[in-house]
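Novice: Here you go, this is structure39.pdb (PDB, C-alpha atoms).
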ATOM      1  CA  MET A   1      95.488  90.108 105.398
ATOM      2  CA  GLU A   2      96.805  89.071 102.009
ATOM      3  CA  PHE A   3      95.815  90.801  98.800
ATOM      4  CA  LYS A   4      96.536  90.855  95.090
ATOM      5  CA  ARG A   5      96.120  93.798  92.705
ATOM      6  CA  PHE A   6      94.994  93.417  89.098
ATOM      7  CA  PRO A   7      94.667  96.411  86.726
ATOM      8  CA  LEU A   8      91.667  95.312  84.675
ATOM      9  CA  GLY A   9      89.491  96.369  81.777
ATOM     10  CA  ILE A  10      89.787  99.053  79.152
ATOM     11  CA  TYR A  11      90.655 101.716  81.733
ATOM     12  CA  GLN A  12      92.975  99.515  83.815
ATOM     13  CA  ALA A  13      91.008 100.025  87.026
ATOM     14  CA  ASN A  14      92.713  98.400  89.984
ATOM     15  CA  CYS A  15      90.852  95.360  91.262
ATOM     16  CA  TYR A  16      91.982  94.127  94.681
ATOM     17  CA  ILE A  17      91.352  90.636  95.980
ATOM     18  CA  LEU A  18      91.693  90.488  99.771
ATOM     19  CA  TYR A  19      91.858  87.114 101.487
ATOM     20  CA  ASP A  20      92.872  85.165 104.560
ATOM     21  CA  LYS A  21      95.603  82.689 103.660
ATOM     22  CA  ASN A  22      94.360  80.100 106.150
ATOM     23  CA  THR A  23      90.582  80.108 105.729
ATOM     24  CA  LYS A  24      90.662  81.364 102.100
ATOM     25  CA  GLU A  25      87.719  83.726 102.751
ATOM     26  CA  ALA A  26      87.963  86.603 100.291
ATOM     27  CA  ALA A  27      86.541  89.910  99.129
ATOM     28  CA  VAL A  28      86.889  91.342  95.638
ATOM     29  CA  ILE A  29      87.056  95.132  95.395
ATOM     30  CA  ASP A  30      86.045  96.704  92.060
ATOM     31  CA  PRO A  31      85.952  93.918  89.433
ATOM     32  CA  GLY A  32      86.515  96.322  86.546
ATOM     33  CA  GLY A  33      86.751  93.801  83.704
ATOM     34  CA  ASP A  34      88.673  90.752  82.475
ATOM     35  CA  PHE A  35      86.561  88.298  84.445
ATOM     36  CA  GLU A  36      88.759  85.348  83.477
ATOM     37  CA  VAL A  37      91.755  86.951  85.232
ATOM     38  CA  ILE A  38      89.794  87.200  88.473
ATOM     39  CA  LYS A  39      88.369  83.712  88.079
ATOM     40  CA  SER A  40      91.801  82.188  87.481
ATOM     41  CA  PHE A  41      93.261  83.751  90.616
ATOM     42  CA  VAL A  42      90.271  82.732  92.738
ATOM     43  CA  GLU A  43      90.426  79.147  91.473
ATOM     44  CA  ASP A  44      94.220  78.817  91.641
ATOM     45  CA  SER A  45      94.247  80.184  95.202
ATOM     46  CA  GLY A  46      91.236  78.143  96.342
ATOM     47  CA  LEU A  47      89.409  81.255  97.523
ATOM     48  CA  LYS A  48      85.819  81.512  98.739
ATOM     49  CA  VAL A  49      84.566  84.961  97.769
ATOM     50  CA  LYS A  50      82.191  86.302 100.400
ATOM     51  CA  TYR A  51      81.886  89.931  99.272
ATOM     52  CA  ILE A  52      82.136  91.906  96.052
ATOM     53  CA  ILE A  53      82.679  95.476  97.235
ATOM     54  CA  LEU A  54      82.241  98.399  94.850
ATOM     55  CA  THR A  55      83.915 101.677  95.754
ATOM     56  CA  HIS A  56      81.429 103.403  93.437
ATOM     57  CA  GLY A  57      79.169 102.666  90.507
ATOM     58  CA  HIS A  58      81.099 103.815  87.437
ATOM     59  CA  GLY A  59      81.447 101.388  84.556
ATOM     60  CA  ASP A  60      85.217 101.006  84.630
ATOM     61  CA  HIS A  61      84.955  99.535  88.149
ATOM     62  CA  ILE A  62      82.050  97.140  87.532
ATOM     63  CA  GLY A  63      82.743  95.675  84.084
ATOM     64  CA  ALA A  64      83.055  92.072  85.353
ATOM     65  CA  LEU A  65      80.510  92.403  88.141
ATOM     66  CA  MET A  66      77.651  90.354  86.698
ATOM     67  CA  GLU A  67      79.911  87.472  85.670
ATOM     68  CA  LEU A  68      81.637  87.459  89.052
ATOM     69  CA  LYS A  69      78.335  87.523  90.918
ATOM     70  CA  GLU A  70      77.041  84.584  88.884
ATOM     71  CA  TYR A  71      80.275  82.643  89.367
ATOM     72  CA  THR A  72      80.728  83.178  93.121
ATOM     73  CA  GLY A  73      77.254  83.985  94.465
ATOM     74  CA  ALA A  74      79.020  86.540  96.683
ATOM     75  CA  GLU A  75      77.213  89.455  98.306
ATOM     76  CA  VAL A  76      77.418  92.580  96.124
ATOM     77  CA  CYS A  77      77.986  95.644  98.324
ATOM     78  CA  ILE A  78      77.761  99.327  97.396
ATOM     79  CA  HIS A  79      76.852 102.515  99.211
ATOM     80  CA  GLY A  80      73.138 103.262  99.000
ATOM     81  CA  GLU A  81      73.723 106.557  97.186
ATOM     82  CA  ASP A  82      75.299 104.710  94.244
ATOM     83  CA  ASN A  83      72.863 101.792  94.009
ATOM     84  CA  PRO A  84      70.619 103.651  91.501
ATOM     85  CA  MET A  85      73.692 103.982  89.284
ATOM     86  CA  LEU A  86      74.312 100.256  89.524
ATOM     87  CA  ARG A  87      70.777  99.532  88.331
ATOM     88  CA  SER A  88      71.069 101.676  85.198
ATOM     89  CA  SER A  89      73.596 101.112  82.418
ATOM     90  CA  ARG A  90      72.870 104.661  81.273
ATOM     91  CA  MET A  91      73.880 106.048  84.668
ATOM     92  CA  ASN A  92      76.869 103.755  85.239
ATOM     93  CA  LEU A  93      78.133 104.346  81.687
ATOM     94  CA  THR A  94      79.112 100.725  81.053
ATOM     95  CA  ALA A  95      77.997 100.660  77.419
ATOM     96  CA  LEU A  96      79.491 104.093  76.746
ATOM     97  CA  MET A  97      82.811 102.901  78.149
ATOM     98  CA  GLY A  98      82.872  99.860  75.864
ATOM     99  CA  TYR A  99      81.678  97.217  78.346
ATOM    100  CA  ASN A 100      78.632  94.992  78.228
ATOM    101  CA  PRO A 101      75.780  96.867  79.957
ATOM    102  CA  VAL A 102      75.608  96.223  83.693
ATOM    103  CA  GLU A 103      72.214  96.523  85.375
ATOM    104  CA  MET A 104      71.620  94.954  88.779
ATOM    105  CA  SER A 105      70.835  95.810  92.368
ATOM    106  CA  ALA A 106      73.270  95.321  95.217
ATOM    107  CA  ASP A 107      72.614  92.718  97.899
ATOM    108  CA  ARG A 108      73.850  95.045 100.636
ATOM    109  CA  LEU A 109      73.750  98.831 100.868
ATOM    110  CA  LEU A 110      76.723 100.087 102.813
ATOM    111  CA  GLU A 111      76.836 102.936 105.300
ATOM    112  CA  ASP A 112      79.636 105.076 106.676
ATOM    113  CA  GLY A 113      81.410 103.306 109.535
ATOM    114  CA  GLU A 114      80.014  99.876 108.710
ATOM    115  CA  ILE A 115      82.304  96.891 109.250
ATOM    116  CA  LEU A 116      82.423  93.934 106.866
ATOM    117  CA  ARG A 117      84.051  90.905 108.439
ATOM    118  CA  LEU A 118      86.132  88.200 106.851
ATOM    119  CA  GLU A 119      87.975  85.588 108.882
ATOM    120  CA  GLY A 120      90.868  87.479 110.458
ATOM    121  CA  MET A 121      89.909  90.814 108.873
ATOM    122  CA  GLU A 122      87.665  93.790 109.519
ATOM    123  CA  LEU A 123      86.935  96.046 106.559
ATOM    124  CA  GLU A 124      85.773  99.505 107.628
ATOM    125  CA  ILE A 125      83.639 101.431 105.158
ATOM    126  CA  ILE A 126      84.418 105.142 104.872
ATOM    127  CA  HIS A 127      81.864 107.165 102.891
ATOM    128  CA  THR A 128      83.788 109.691 100.793
ATOM    129  CA  PRO A 129      81.377 111.529  98.470
ATOM    130  CA  GLY A 130      82.781 113.777  95.783
ATOM    131  CA  HIS A 131      83.741 111.547  92.863
ATOM    132  CA  SER A 132      80.232 110.135  93.126
ATOM    133  CA  ARG A 133      77.529 110.558  95.753
ATOM    134  CA  GLY A 134      78.086 107.084  97.140
ATOM    135  CA  GLY A 135      81.837 106.802  96.792
ATOM    136  CA  ILE A 136      83.558 104.827  99.536
ATOM    137  CA  CYS A 137      87.024 103.864 100.701
ATOM    138  CA  ILE A 138      87.841 100.674 102.594
ATOM    139  CA  TYR A 139      90.243 100.641 105.538
ATOM    140  CA  CYS A 140      91.748  97.378 106.739
ATOM    141  CA  ASP A 141      94.819  96.540 108.764
ATOM    142  CA  GLY A 142      96.733  99.748 108.001
ATOM    143  CA  SER A 143      95.769  99.793 104.326
ATOM    144  CA  LEU A 144      93.302 102.091 102.566
ATOM    145  CA  PHE A 145      91.653 101.022  99.323
ATOM    146  CA  SER A 146      90.663 104.454  98.088
ATOM    147  CA  GLY A 147      88.756 103.841  94.854
ATOM    148  CA  ASP A 148      88.592 106.998  92.753
ATOM    149  CA  THR A 149      88.609 109.299  95.775
ATOM    150  CA  LEU A 150      92.365 109.604  96.279
ATOM    151  CA  PHE A 151      95.186 108.751  93.877
ATOM    152  CA  ALA A 152      98.958 108.995  94.191
ATOM    153  CA  CYS A 153      99.465 112.777  94.168
ATOM    154  CA  SER A 154      96.070 113.320  92.577
ATOM    155  CA  ILE A 155      92.337 113.083  93.272
ATOM    156  CA  GLY A 156      89.274 111.717  91.512
ATOM    157  CA  ARG A 157      87.488 113.637  88.788
ATOM    158  CA  THR A 158      84.353 115.521  89.792
ATOM    159  CA  ASP A 159      82.808 116.441  86.432
ATOM    160  CA  LEU A 160      80.515 113.396  86.172
ATOM    161  CA  PRO A 161      76.933 113.402  87.504
ATOM    162  CA  GLY A 162      76.953 113.389  91.309
ATOM    163  CA  GLY A 163      80.484 114.753  91.497
ATOM    164  CA  SER A 164      81.520 117.705  93.639
ATOM    165  CA  ASN A 165      85.045 119.040  94.028
ATOM    166  CA  ASP A 166      84.231 120.692  97.365
ATOM    167  CA  GLU A 167      82.768 117.448  98.736
ATOM    168  CA  LEU A 168      85.705 115.421  97.465
ATOM    169  CA  ILE A 169      88.312 117.666  99.102
ATOM    170  CA  GLU A 170      86.296 117.687 102.323
ATOM    171  CA  SER A 171      86.039 113.878 102.267
ATOM    172  CA  ILE A 172      89.768 113.453 101.767
ATOM    173  CA  LYS A 173      90.850 115.993 104.364
ATOM    174  CA  ASN A 174      88.323 115.064 107.063
ATOM    175  CA  LYS A 175      88.148 111.296 106.615
ATOM    176  CA  LEU A 176      91.363 110.083 104.970
ATOM    177  CA  LEU A 177      94.170 112.414 105.994
ATOM    178  CA  VAL A 178      93.265 111.803 109.643
ATOM    179  CA  LEU A 179      94.371 108.174 109.280
ATOM    180  CA  PRO A 180      97.866 107.241 110.522
ATOM    181  CA  ASP A 181     100.646 108.687 108.343
ATOM    182  CA  ASP A 182     102.017 105.225 107.535
ATOM    183  CA  THR A 183      98.678 104.048 106.114
ATOM    184  CA  ALA A 184      99.277 102.534 102.678
ATOM    185  CA  VAL A 185      96.974 103.951  99.987
ATOM    186  CA  TYR A 186      95.866 101.636  97.185
ATOM    187  CA  PRO A 187      93.821 103.650  94.671
ATOM    188  CA  GLY A 188      91.393 102.715  91.930
ATOM    189  CA  HIS A 189      93.919 103.569  89.213
ATOM    190  CA  GLY A 190      97.674 103.835  89.156
ATOM    191  CA  PRO A 191     100.366 103.239  91.770
ATOM    192  CA  SER A 192     100.120 103.087  95.542
ATOM    193  CA  SER A 193     101.079 105.805  98.001
ATOM    194  CA  THR A 194     100.826 106.587 101.708
ATOM    195  CA  ILE A 195      98.852 109.115 103.712
ATOM    196  CA  SER A 196     102.118 110.825 104.678
ATOM    197  CA  ILE A 197     103.151 111.274 101.046
ATOM    198  CA  GLU A 198      99.734 112.647 100.094
ATOM    199  CA  LYS A 199      99.828 115.174 102.923
ATOM    200  CA  LYS A 200     103.215 116.433 101.744
ATOM    201  CA  ARG A 201     103.052 116.161  97.958
ATOM    202  CA  ASN A 202      99.474 116.089  96.682
ATOM    203  CA  PRO A 203      99.019 119.462  94.934
ATOM    204  CA  PHE A 204      95.213 119.233  95.143
ATOM    205  CA  LEU A 205      95.244 119.118  98.944
ATOM    206  CA  ARG A 206      97.299 122.213  99.698
TER     207      ARG A 206
END
Can the structure from this file be put into structure tokens for me?
Specialist:
Amino acid sequence: MEFKRFPLGIYQANCYILYDKNTKEAAVIDPGGDFEVIKSFVEDSGLKVKYIILTHGHGDHIGALMELKEYTGAEVCIHGEDNPMLRSSRMNLTALMGYNPVEMSADRLLEDGEILRLEGMELEIIHTPGHSRGGICIYCDGSLFSGDTLFACSIGRTDLPGGSNDELIESIKNKLLVLPDDTAVYPGHGPSSTISIEKKRNPFLR
């Protein structure tokens, strides 16, 4: 697996582009804005985007979604609990956050434990409610793309509709901290970490 990180949009949400260097099959995780940045990398690398995977439906993670969908024709994937948010710009807060309103339905509603396959890669979907009802993380080849569930020595906010601090802590402890200690953690904002570091240093998980 190869991947590239781009902090995009007003809130600098981390967008990850995963791809196979031989077949050029790719998935884009959380296209939060700055569509031209994503487009340039896809074109320069000769990638064929198969999936657009959304870790949740908040506006700062979907700002470039409609442009990217139109450009690539890729399958838009989100957990079923967050699809209503995706369909409503009021619920996903795109306009409030300073983006063009996003209103669309996903092509594929994800479930916990589901596997999305790219050539040479298996992307396991881990449902981690708490930041939103349909929040997910994506585990692939020893790497965890954790969206706004888990950050480096922090956790996602839970004060937005559908959020729950108890659910978020339960999701992290029962579904993420059980992964191998050397699992690399690539969050939706900010720097990377590892499961081992989060077990030892994250003040929200003690």
Novice: Evaluating the PyMOL selection byres ((chain A and resi 31) around 6) on the displayed file yields which residues, as a ChimeraX atom specification?
Specialist: /A:15,30,32-33,61-62,64-65
Novice: Applying 6 Å and all atoms listed in the file, which residues near Glu25 (chain A) remain after dropping the ones on its own chain fewer than 4 positions away? List them as a ChimeraX atom specification.
Specialist: /A:19-20,48
Novice: Could you check the closest approach to Asp112 (chain A) for each of A:Phe6, A:Gly130, A:Met97, A:Ile138 and tell me which residue wins, using all atoms listed in the file?
Specialist: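 Among the listed residues, A:Ile138 lies closest to Asp112 (chain A).
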Novice: Write out as a Markdown table the residues of region 95-179 of chain A that have any atom within 7 Å of an atom of region 185-194 of chain A, one row each with the nearest atom pair and its distance in Å to one decimal, counting only C-alpha atoms, sorted by chain and then rising number.
Specialist:
| residue | atom | partner | partner_atom | distance |
| --- | --- | --- | --- | --- |
| A:Ser143 | CA | A:Val185 | CA | 6.1 |
| A:Leu144 | CA | A:Val185 | CA | 4.9 |
| A:Phe145 | CA | A:Tyr186 | CA | 4.8 |
| A:Ser146 | CA | A:Pro187 | CA | 4.7 |
| A:Gly147 | CA | A:Gly188 | CA | 4.1 |
| A:Asp148 | CA | A:Gly188 | CA | 5.2 |
| A:Leu150 | CA | A:Pro187 | CA | 6.3 |
| A:Phe151 | CA | A:Pro187 | CA | 5.3 |
| A:Ala152 | CA | A:Ser193 | CA | 5.4 |
Novice: Figure out the distance between CA of Leu109 (chain A) and CA of Gly134 (chain A), please, to one decimal in Å.
Specialist: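 Straight-line distance from CA of Gly134 (chain A) to CA of Leu109 (chain A) works out to 10.0 Å.
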Novice: Show me, as a ChimeraX atom specification, the residues that have an atom within 12 Å of Glu75 (chain A) when counting only C-alpha atoms, minus same-chain residues fewer than 4 positions from it.
Specialist: /A:26-29,48-54,65-66,68-71,105-110,116
Novice: Nearest residue to Ser154 (chain A) out of A:Arg117, A:Arg201, A:Lys4, A:His127, using only C-alpha atoms?
Specialist: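 Nearest candidate to Ser154 (chain A) out of A:Arg117, A:Arg201, A:Lys4, A:His127: A:Arg201.
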Novice: Starting from the displayed file, determine the output of the PyMOL selection byres ((chain A and resi 176) around 10) and express the residue list as a list in words.
Specialist: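 Selected by the PyMOL selection byres ((chain A and resi 176) around 10) here: Ile126, Thr128, Cys137, Tyr139, Leu144, Ser146, Thr149, Leu150, Glu170, Ser171, Ile172, Lys173, Asn174, Lys175, Leu177, Val178, Leu179, Pro180, Asp181, Thr183, Val185 and Ile195 of chain A.
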Novice: Using the chain letters and numbers from this file, what does the PyMOL selection byres ((chain A and resi 91) around 12) select? Give the answer as a ChimeraX atom specification.
Specialist: /A:56-59,82-90,92-97,101-103,132,160-162
Novice: Can you measure CA of Lys21 (chain A) to CA of Asp60 (chain A) for me? One decimal in Å is fine.
Specialist: 28.4 Å
Novice: Choose the residue, out of A:Gly80, A:Leu8, A:Glu198, A:Asp44, that has the smallest atom-to-atom separation from Tyr99 (chain A); count all atoms listed in the file.
Specialist: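 Once distances to Tyr99 (chain A) are computed over all atoms listed in the file, the minimum belongs to A:Leu8.
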Novice: If I wrap all listed atoms of region 127-146 of chain A in a box with edges along x, y and z and add 3 Å on each side, what are its centre and edge lengths in Å to one decimal, as JSON?
Specialist:
{"center_x": 87.1, "center_y": 105.2, "center_z": 100.8, "size_x": 25.2, "size_y": 23.2, "size_z": 21.9}
Novice: When you draw a straight line from CA of Glu67 (chain A) to CA of Leu123 (chain A), how long is it in Å?
Specialist: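 CA of Glu67 (chain A) sits 23.6 Å away from CA of Leu123 (chain A).
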Novice: When you count only C-alpha atoms, which of these residues is closest to Asn100 (chain A): A:Val42, A:Val37, A:Gly142, A:Ile10?
Specialist: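 Answer, going by the shortest atom-to-atom distance: A:Ile10.
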